[in-house]
>>> print(open('my_file-v7.csv').read())   # CSV, C-alpha atoms
chain,number,residue,atom,x,y,z
A,1,GLY,CA,-0.7,9.5,6.7
A,2,SER,CA,-1.8,11.1,3.5
A,3,ILE,CA,0.6,12.1,0.9
A,4,LYS,CA,-0.7,15.7,1.3
A,5,GLY,CA,0.3,15.6,4.9
A,6,ILE,CA,3.7,14.2,4.1
A,7,HIS,CA,4.2,17.0,1.6
A,8,GLU,CA,3.3,19.7,4.1
A,9,GLN,CA,5.7,18.3,6.7
A,10,LEU,CA,8.6,18.2,4.2
A,11,GLN,CA,7.7,21.8,3.2
A,12,ASN,CA,7.6,23.2,6.6
A,13,ASN,CA,10.7,21.3,7.7
A,14,THR,CA,9.1,19.2,10.4
A,15,VAL,CA,10.3,16.1,8.6
A,16,ASP,CA,13.7,15.8,6.8
A,17,VAL,CA,13.1,12.7,4.7
A,18,ALA,CA,9.9,10.8,4.2
A,19,PHE,CA,9.2,7.2,3.1
A,20,PHE,CA,5.8,6.4,1.7
A,21,LEU,CA,4.0,3.7,-0.3
A,22,THR,CA,1.6,5.1,-2.9
A,23,ARG,CA,1.2,5.6,-6.6
A,24,GLU,CA,4.2,7.5,-8.0
A,25,VAL,CA,4.0,11.2,-7.1
A,26,ASP,CA,5.6,14.3,-8.5
A,27,TYR,CA,6.0,17.6,-6.7
A,28,PRO,CA,8.0,20.5,-8.1
A,29,ASP,CA,9.5,21.4,-4.7
A,30,LEU,CA,10.4,17.8,-3.7
A,31,LYS,CA,13.0,15.4,-4.8
A,32,VAL,CA,11.2,12.1,-5.0
A,33,GLU,CA,12.9,8.8,-5.8
A,34,THR,CA,11.2,5.5,-6.5
A,35,LEU,CA,13.0,2.8,-4.7
A,36,LEU,CA,10.8,-0.2,-5.5
A,37,ILE,CA,7.5,-0.9,-7.2
A,38,GLU,CA,5.4,-3.0,-4.9
A,39,PRO,CA,2.7,-5.4,-6.1
A,40,VAL,CA,-0.6,-5.1,-4.3
A,41,VAL,CA,-2.4,-8.3,-3.5
A,42,MET,CA,-5.9,-9.4,-2.5
A,43,VAL,CA,-5.7,-11.9,0.4
A,44,ALA,CA,-8.1,-14.0,2.4
A,45,SER,CA,-7.8,-16.7,5.1
A,46,PRO,CA,-7.2,-20.2,3.7
A,47,ASP,CA,-10.6,-21.3,4.9
A,48,HIS,CA,-12.5,-18.4,3.4
A,49,LEU,CA,-14.9,-19.6,0.8
A,50,PHE,CA,-13.2,-17.5,-1.9
A,51,SER,CA,-10.0,-19.4,-1.7
A,52,LEU,CA,-12.0,-22.2,-3.3
A,53,ASN,CA,-13.2,-20.3,-6.3
A,54,SER,CA,-10.1,-19.0,-8.0
A,55,GLU,CA,-11.5,-17.8,-11.2
A,56,GLU,CA,-13.0,-14.6,-10.0
A,57,SER,CA,-11.2,-11.4,-9.2
A,58,LEU,CA,-12.5,-7.9,-8.4
A,59,ARG,CA,-16.1,-8.9,-9.2
A,60,MET,CA,-16.0,-11.2,-6.2
A,61,LEU,CA,-15.8,-8.3,-3.9
A,62,GLU,CA,-19.5,-7.6,-4.7
A,63,ASN,CA,-20.8,-9.7,-1.8
A,64,GLN,CA,-17.9,-9.6,0.4
A,65,ASP,CA,-16.7,-7.7,3.5
A,66,LEU,CA,-13.7,-5.7,2.5
A,67,ILE,CA,-11.4,-4.8,5.5
A,68,ILE,CA,-9.3,-1.9,4.4
A,69,THR,CA,-7.1,1.0,5.5
A,70,GLN,CA,-8.7,4.3,6.2
A,71,GLU,CA,-9.4,7.0,3.6
A,72,ASN,CA,-6.2,9.0,4.4
A,73,CYS,CA,-3.9,6.1,3.7
A,74,THR,CA,-1.7,6.7,0.7
A,75,TYR,CA,-2.7,3.7,-1.4
A,76,ARG,CA,-6.3,3.6,-0.4
A,77,ALA,CA,-7.2,6.0,-3.2
A,78,LEU,CA,-5.9,3.4,-5.7
A,79,ILE,CA,-8.3,0.8,-4.3
A,80,ASN,CA,-11.2,3.3,-4.4
A,81,ASP,CA,-10.5,4.1,-8.1
A,82,LEU,CA,-10.4,0.4,-8.9
A,83,LEU,CA,-13.7,-0.4,-7.3
A,84,ARG,CA,-15.3,2.6,-8.9
A,85,GLU,CA,-14.0,1.7,-12.4
A,86,ALA,CA,-15.1,-1.9,-12.0
A,87,ARG,CA,-18.5,-0.7,-10.6
A,88,VAL,CA,-18.0,-3.1,-7.7
A,89,LYS,CA,-19.7,-2.4,-4.3
A,90,PRO,CA,-18.5,-4.7,-1.5
A,91,ARG,CA,-21.2,-5.9,0.9
A,92,SER,CA,-19.5,-3.9,3.6
A,93,LEU,CA,-16.4,-1.8,4.0
A,94,ILE,CA,-14.6,-2.0,7.3
A,95,GLU,CA,-12.0,0.7,7.7
A,96,ILE,CA,-9.2,0.2,10.2
A,97,ASN,CA,-6.1,2.2,10.6
A,98,ASN,CA,-4.0,-0.6,11.9
A,99,LEU,CA,-2.3,-3.1,9.6
A,100,GLN,CA,-1.9,-5.8,12.3
A,101,ALA,CA,-5.6,-5.5,13.1
A,102,ILE,CA,-6.6,-5.8,9.5
A,103,LYS,CA,-4.4,-8.9,9.1
A,104,GLN,CA,-5.9,-10.5,12.2
A,105,LEU,CA,-9.5,-10.0,11.1
A,106,VAL,CA,-8.8,-11.4,7.7
A,107,MET,CA,-6.9,-14.4,9.2
A,108,SER,CA,-9.9,-15.1,11.3
A,109,GLY,CA,-12.0,-15.3,8.2
A,110,LEU,CA,-14.0,-12.0,8.8
A,111,GLY,CA,-13.3,-10.5,5.3
A,112,ILE,CA,-10.8,-10.0,2.6
A,113,THR,CA,-8.3,-7.2,2.1
A,114,VAL,CA,-6.1,-5.6,-0.5
A,115,LEU,CA,-2.6,-4.7,0.7
A,116,PRO,CA,0.9,-4.3,-0.6
A,117,ARG,CA,2.4,-7.8,-0.8
A,118,ILE,CA,5.4,-6.8,1.3
A,119,THR,CA,3.1,-6.3,4.3
A,120,VAL,CA,1.6,-9.8,4.1
A,121,GLU,CA,4.6,-11.7,2.8
A,122,TYR,CA,5.2,-13.5,6.1
A,123,GLU,CA,1.5,-14.5,6.6
A,124,ILE,CA,1.4,-15.8,3.0
A,125,SER,CA,4.6,-17.9,3.5
A,126,GLN,CA,3.1,-19.4,6.7
A,127,ARG,CA,-0.2,-20.1,5.0
A,128,LEU,CA,-2.0,-17.9,7.4
A,129,LEU,CA,-3.3,-15.9,4.5
A,130,ILE,CA,-3.6,-16.9,0.8
A,131,GLU,CA,-3.2,-14.6,-2.2
A,132,LEU,CA,-6.3,-14.5,-4.3
A,133,PRO,CA,-6.0,-14.4,-8.1
A,134,TRP,CA,-5.9,-10.9,-9.5
A,135,HIS,CA,-7.0,-10.6,-13.1
A,136,GLU,CA,-7.1,-6.8,-13.1
A,137,PRO,CA,-4.4,-4.4,-14.2
A,138,PRO,CA,-1.7,-4.4,-11.5
A,139,LEU,CA,-1.9,-1.7,-8.9
A,140,PRO,CA,1.3,0.3,-9.2
A,141,VAL,CA,2.3,1.1,-5.7
A,142,ALA,CA,5.8,2.4,-5.2
A,143,THR,CA,8.0,2.7,-2.2
A,144,GLN,CA,9.3,6.2,-2.5
A,145,ILE,CA,11.6,8.5,-0.6
A,146,ALA,CA,11.2,12.3,-0.7
A,147,TYR,CA,13.0,15.3,0.7
A,148,HIS,CA,12.7,19.0,-0.1
A,149,LYS,CA,14.9,20.0,-3.0
A,150,ASP,CA,16.3,23.1,-1.3
A,151,LYS,CA,17.1,21.4,1.9
A,152,TRP,CA,20.6,21.0,3.2
A,153,LEU,CA,21.0,17.4,4.1
A,154,SER,CA,23.4,16.6,6.9
A,155,PRO,CA,26.0,13.8,6.5
A,156,PRO,CA,24.0,11.3,8.6
A,157,ILE,CA,21.0,11.9,6.5
A,158,LEU,CA,23.0,11.6,3.2
A,159,GLY,CA,24.5,8.4,4.6
A,160,PHE,CA,21.0,7.1,5.4
A,161,LEU,CA,19.8,7.9,1.9
A,162,GLU,CA,22.8,6.1,0.4
A,163,HIS,CA,22.3,3.1,2.6
A,164,THR,CA,18.6,3.0,1.7
A,165,ARG,CA,19.1,3.2,-2.0
A,166,ARG,CA,21.7,0.4,-1.8
A,167,HIS,CA,19.3,-1.7,0.3
A,168,TYR,CA,16.5,-1.4,-2.3
A,169,THR,CA,18.6,-1.8,-5.4
A,170,ASP,CA,20.6,-4.9,-4.3
>>> encode(input="my_file-v7.csv", output="structure tokens")
Amino acid sequence: GSIKGIHEQLQNNTVDVAFFLTREVDYPDLKVETLLIEPVVMVASPDHLFSLNSEESLRMLENQDLIITQENCTYRALINDLLREARVKPRSLIEINNLQAIKQLVMSGLGITVLPRITVEYEISQRLLIELPWHEPPLPVATQIAYHKDKWLSPPILGFLEHTRRHYTD
């Protein structure tokens, strides 16, 4: 969901701890820790005609079908800013709220996508998707964990936080 939605849920106590992937955020009433900076990659199917032309970068989205997460997704705003700054308008924008579906469509050669590398690592390793060259400034997306700063955290939650920090810093 959107970062605003996550913030509200932490504020009104419906969620104890939230994980999210977005640009680094800062809220006075939340404790937010960055666990990991995730690179964002542009990927296509290996037989997509782009994979042949490796010089281009963002410009090549001009005449392409971009399959992308929906507006309320946390890192979608980054991609919007990027396209706006580069004055690039994809031929079509297909919004899907399901990561698996986005990957399937791109693997079938129906478009390209921009996703955190962690979400497509397996497909890249299996040559189901290939990473396209990115000559733009990197997109700083961070895996972050947040909780309300005044919240009493139970021992299991504290244990979970400790375990998570260890997992990401090892």
>>> closest_residue(input="my_file-v7.csv", among="A:Met42, A:Ala146, A:Val106, A:Leu115", to="A:Ile3", atoms="only C-alpha atoms")
A:Ala146
>>> atom_distance(input="my_file-v7.csv", atom1="atom CA of A:Gly159", atom2="atom CA of A:Glu8")
24.0 Å
>>> closest_residue(input="my_file-v7.csv", among="A:Ile67, A:Phe20, A:Glu123, A:Asp26", to="A:Ala101", atoms="only C-alpha atoms")
A:Ile67
>>> atom_distance(input="my_file-v7.csv", atom1="atom CA of A:Thr169", atom2="atom CA of A:Leu21")
16.4 Å
>>> axis_aligned_box(input="my_file-v7.csv", around="stretch 122-130 of chain A", padding_each_side="8 Å", output="AutoDock Vina command-line options")
--center_x 0.8 --center_y -16.8 --center_z 4.1 --size_x 24.8 --size_y 22.6 --size_z 22.6
>>> residues_around(input="my_file-v7.csv", residues="A:Ala77", least_positions_apart="4", cutoff="12 Å", atoms="all atoms listed in the file", output="list in words")
Ser2, Ile3, Leu21, Thr22, Arg23, Ile68, Thr69, Gln70, Glu71, Asn72, Cys73, Asp81, Leu82, Leu83, Arg84, Val114, Leu139, Pro140 and Val141 of chain A
>>> atom_distance(input="my_file-v7.csv", atom1="atom CA of A:Tyr168", atom2="atom CA of A:Asn13")
25.5 Å
>>> closest_residue(input="my_file-v7.csv", among="A:Val15, A:Leu10, A:Leu153, A:Leu93", to="A:Leu110", atoms="all atoms listed in the file")
A:Leu93
>>> residues_around(input="my_file-v7.csv", residues="A:Ala86", least_positions_apart="6", cutoff="12 Å", atoms="all atoms listed in the file", output="ChimeraX atom specification")
/A:57-62,79-80,135-137
>>> closest_residue(input="my_file-v7.csv", among="A:Glu121, A:Asp150, A:Ile130, A:Leu158", to="A:Pro39", atoms="all atoms listed in the file")
A:Glu121
>>> closest_residue(input="my_file-v7.csv", among="A:Leu35, A:Ile145, A:Val40, A:Val120", to="A:Met107", atoms="only C-alpha atoms")
A:Val120
>>> closest_residue(input="my_file-v7.csv", among="A:Asp47, A:Ala142, A:Asn97, A:Gly5", to="A:Val25", atoms="all atoms listed in the file")
A:Ala142
>>> decode(input="my_file-v7.csv", residues="stretch 88-113 of chain A", atoms="N, CA, C and O atoms", output="compact mmCIF listing (two decimals), in the first residue's frame")
# COMPACT_ATOMS: atom_id res chain seq x y z
N VAL A 88 10.14 11.69 -20.68
CA VAL A 88 9.91 10.48 -21.46
C VAL A 88 8.46 10.06 -21.28
O VAL A 88 7.98 9.99 -20.15
N LYS A 89 7.78 9.80 -22.38
CA LYS A 89 6.41 9.29 -22.31
C LYS A 89 6.38 7.91 -22.96
O LYS A 89 6.54 7.80 -24.17
N PRO A 90 6.19 6.86 -22.17
CA PRO A 90 6.09 5.52 -22.77
C PRO A 90 4.91 5.46 -23.74
O PRO A 90 3.97 6.25 -23.62
N ARG A 91 4.96 4.53 -24.69
CA ARG A 91 3.86 4.39 -25.64
C ARG A 91 2.58 4.03 -24.90
O ARG A 91 1.51 4.54 -25.15
N SER A 92 2.71 3.12 -23.95
CA SER A 92 1.55 2.82 -23.11
C SER A 92 2.03 2.48 -21.71
O SER A 92 3.17 2.05 -21.52
N LEU A 93 1.15 2.71 -20.78
CA LEU A 93 1.44 2.45 -19.38
C LEU A 93 0.39 1.45 -18.92
O LEU A 93 -0.80 1.74 -18.94
N ILE A 94 0.83 0.27 -18.53
CA ILE A 94 -0.11 -0.75 -18.08
C ILE A 94 0.12 -0.91 -16.58
O ILE A 94 1.22 -1.24 -16.15
N GLU A 95 -0.92 -0.63 -15.81
CA GLU A 95 -0.77 -0.69 -14.35
C GLU A 95 -1.38 -1.96 -13.82
O GLU A 95 -2.53 -2.26 -14.10
N ILE A 96 -0.59 -2.69 -13.04
CA ILE A 96 -1.08 -3.94 -12.47
C ILE A 96 -0.65 -3.99 -11.02
O ILE A 96 0.48 -3.64 -10.70
N ASN A 97 -1.55 -4.43 -10.17
CA ASN A 97 -1.21 -4.42 -8.75
C ASN A 97 -0.66 -5.75 -8.27
O ASN A 97 -0.79 -6.08 -7.12
N ASN A 98 -0.09 -6.53 -9.18
CA ASN A 98 0.33 -7.86 -8.80
C ASN A 98 1.70 -8.13 -9.43
O ASN A 98 1.84 -8.17 -10.64
N LEU A 99 2.67 -8.30 -8.56
CA LEU A 99 4.05 -8.46 -8.99
C LEU A 99 4.24 -9.66 -9.93
O LEU A 99 4.90 -9.57 -10.95
N GLN A 100 3.60 -10.79 -9.54
CA GLN A 100 3.73 -12.00 -10.37
C GLN A 100 3.20 -11.75 -11.78
O GLN A 100 3.80 -12.14 -12.75
N ALA A 101 2.05 -11.08 -11.85
CA ALA A 101 1.44 -10.80 -13.15
C ALA A 101 2.33 -9.88 -13.98
O ALA A 101 2.50 -10.09 -15.19
N ILE A 102 2.93 -8.88 -13.36
CA ILE A 102 3.82 -7.97 -14.08
C ILE A 102 4.97 -8.78 -14.67
O ILE A 102 5.30 -8.68 -15.85
N LYS A 103 5.57 -9.65 -13.83
CA LYS A 103 6.71 -10.44 -14.29
C LYS A 103 6.31 -11.36 -15.43
O LYS A 103 7.03 -11.49 -16.42
N GLN A 104 5.14 -12.00 -15.33
CA GLN A 104 4.67 -12.91 -16.39
C GLN A 104 4.53 -12.17 -17.72
O GLN A 104 4.97 -12.65 -18.75
N LEU A 105 3.90 -11.00 -17.67
CA LEU A 105 3.68 -10.23 -18.90
C LEU A 105 5.01 -9.83 -19.54
O LEU A 105 5.18 -9.92 -20.74
N VAL A 106 5.94 -9.39 -18.69
CA VAL A 106 7.24 -8.97 -19.22
C VAL A 106 8.00 -10.18 -19.78
O VAL A 106 8.59 -10.11 -20.86
N MET A 107 7.91 -11.32 -19.08
CA MET A 107 8.58 -12.54 -19.58
C MET A 107 7.99 -12.98 -20.92
O MET A 107 8.68 -13.54 -21.74
N SER A 108 6.69 -12.69 -21.12
CA SER A 108 6.07 -13.07 -22.41
C SER A 108 6.38 -12.04 -23.49
O SER A 108 5.83 -12.12 -24.58
N GLY A 109 7.20 -11.04 -23.18
CA GLY A 109 7.60 -10.08 -24.19
C GLY A 109 6.59 -8.97 -24.44
O GLY A 109 6.64 -8.29 -25.46
N LEU A 110 5.65 -8.78 -23.50
CA LEU A 110 4.60 -7.79 -23.73
C LEU A 110 4.95 -6.38 -23.28
O LEU A 110 4.14 -5.48 -23.39
N GLY A 111 6.15 -6.19 -22.74
CA GLY A 111 6.53 -4.85 -22.31
C GLY A 111 7.77 -4.92 -21.45
O GLY A 111 8.37 -5.99 -21.31
N ILE A 112 8.13 -3.79 -20.88
CA ILE A 112 9.26 -3.81 -19.96
C ILE A 112 8.78 -3.26 -18.63
O ILE A 112 7.72 -2.64 -18.54
N THR A 113 9.57 -3.49 -17.58
CA THR A 113 9.17 -3.00 -16.28
C THR A 113 10.37 -2.49 -15.51
O THR A 113 11.52 -2.78 -15.87
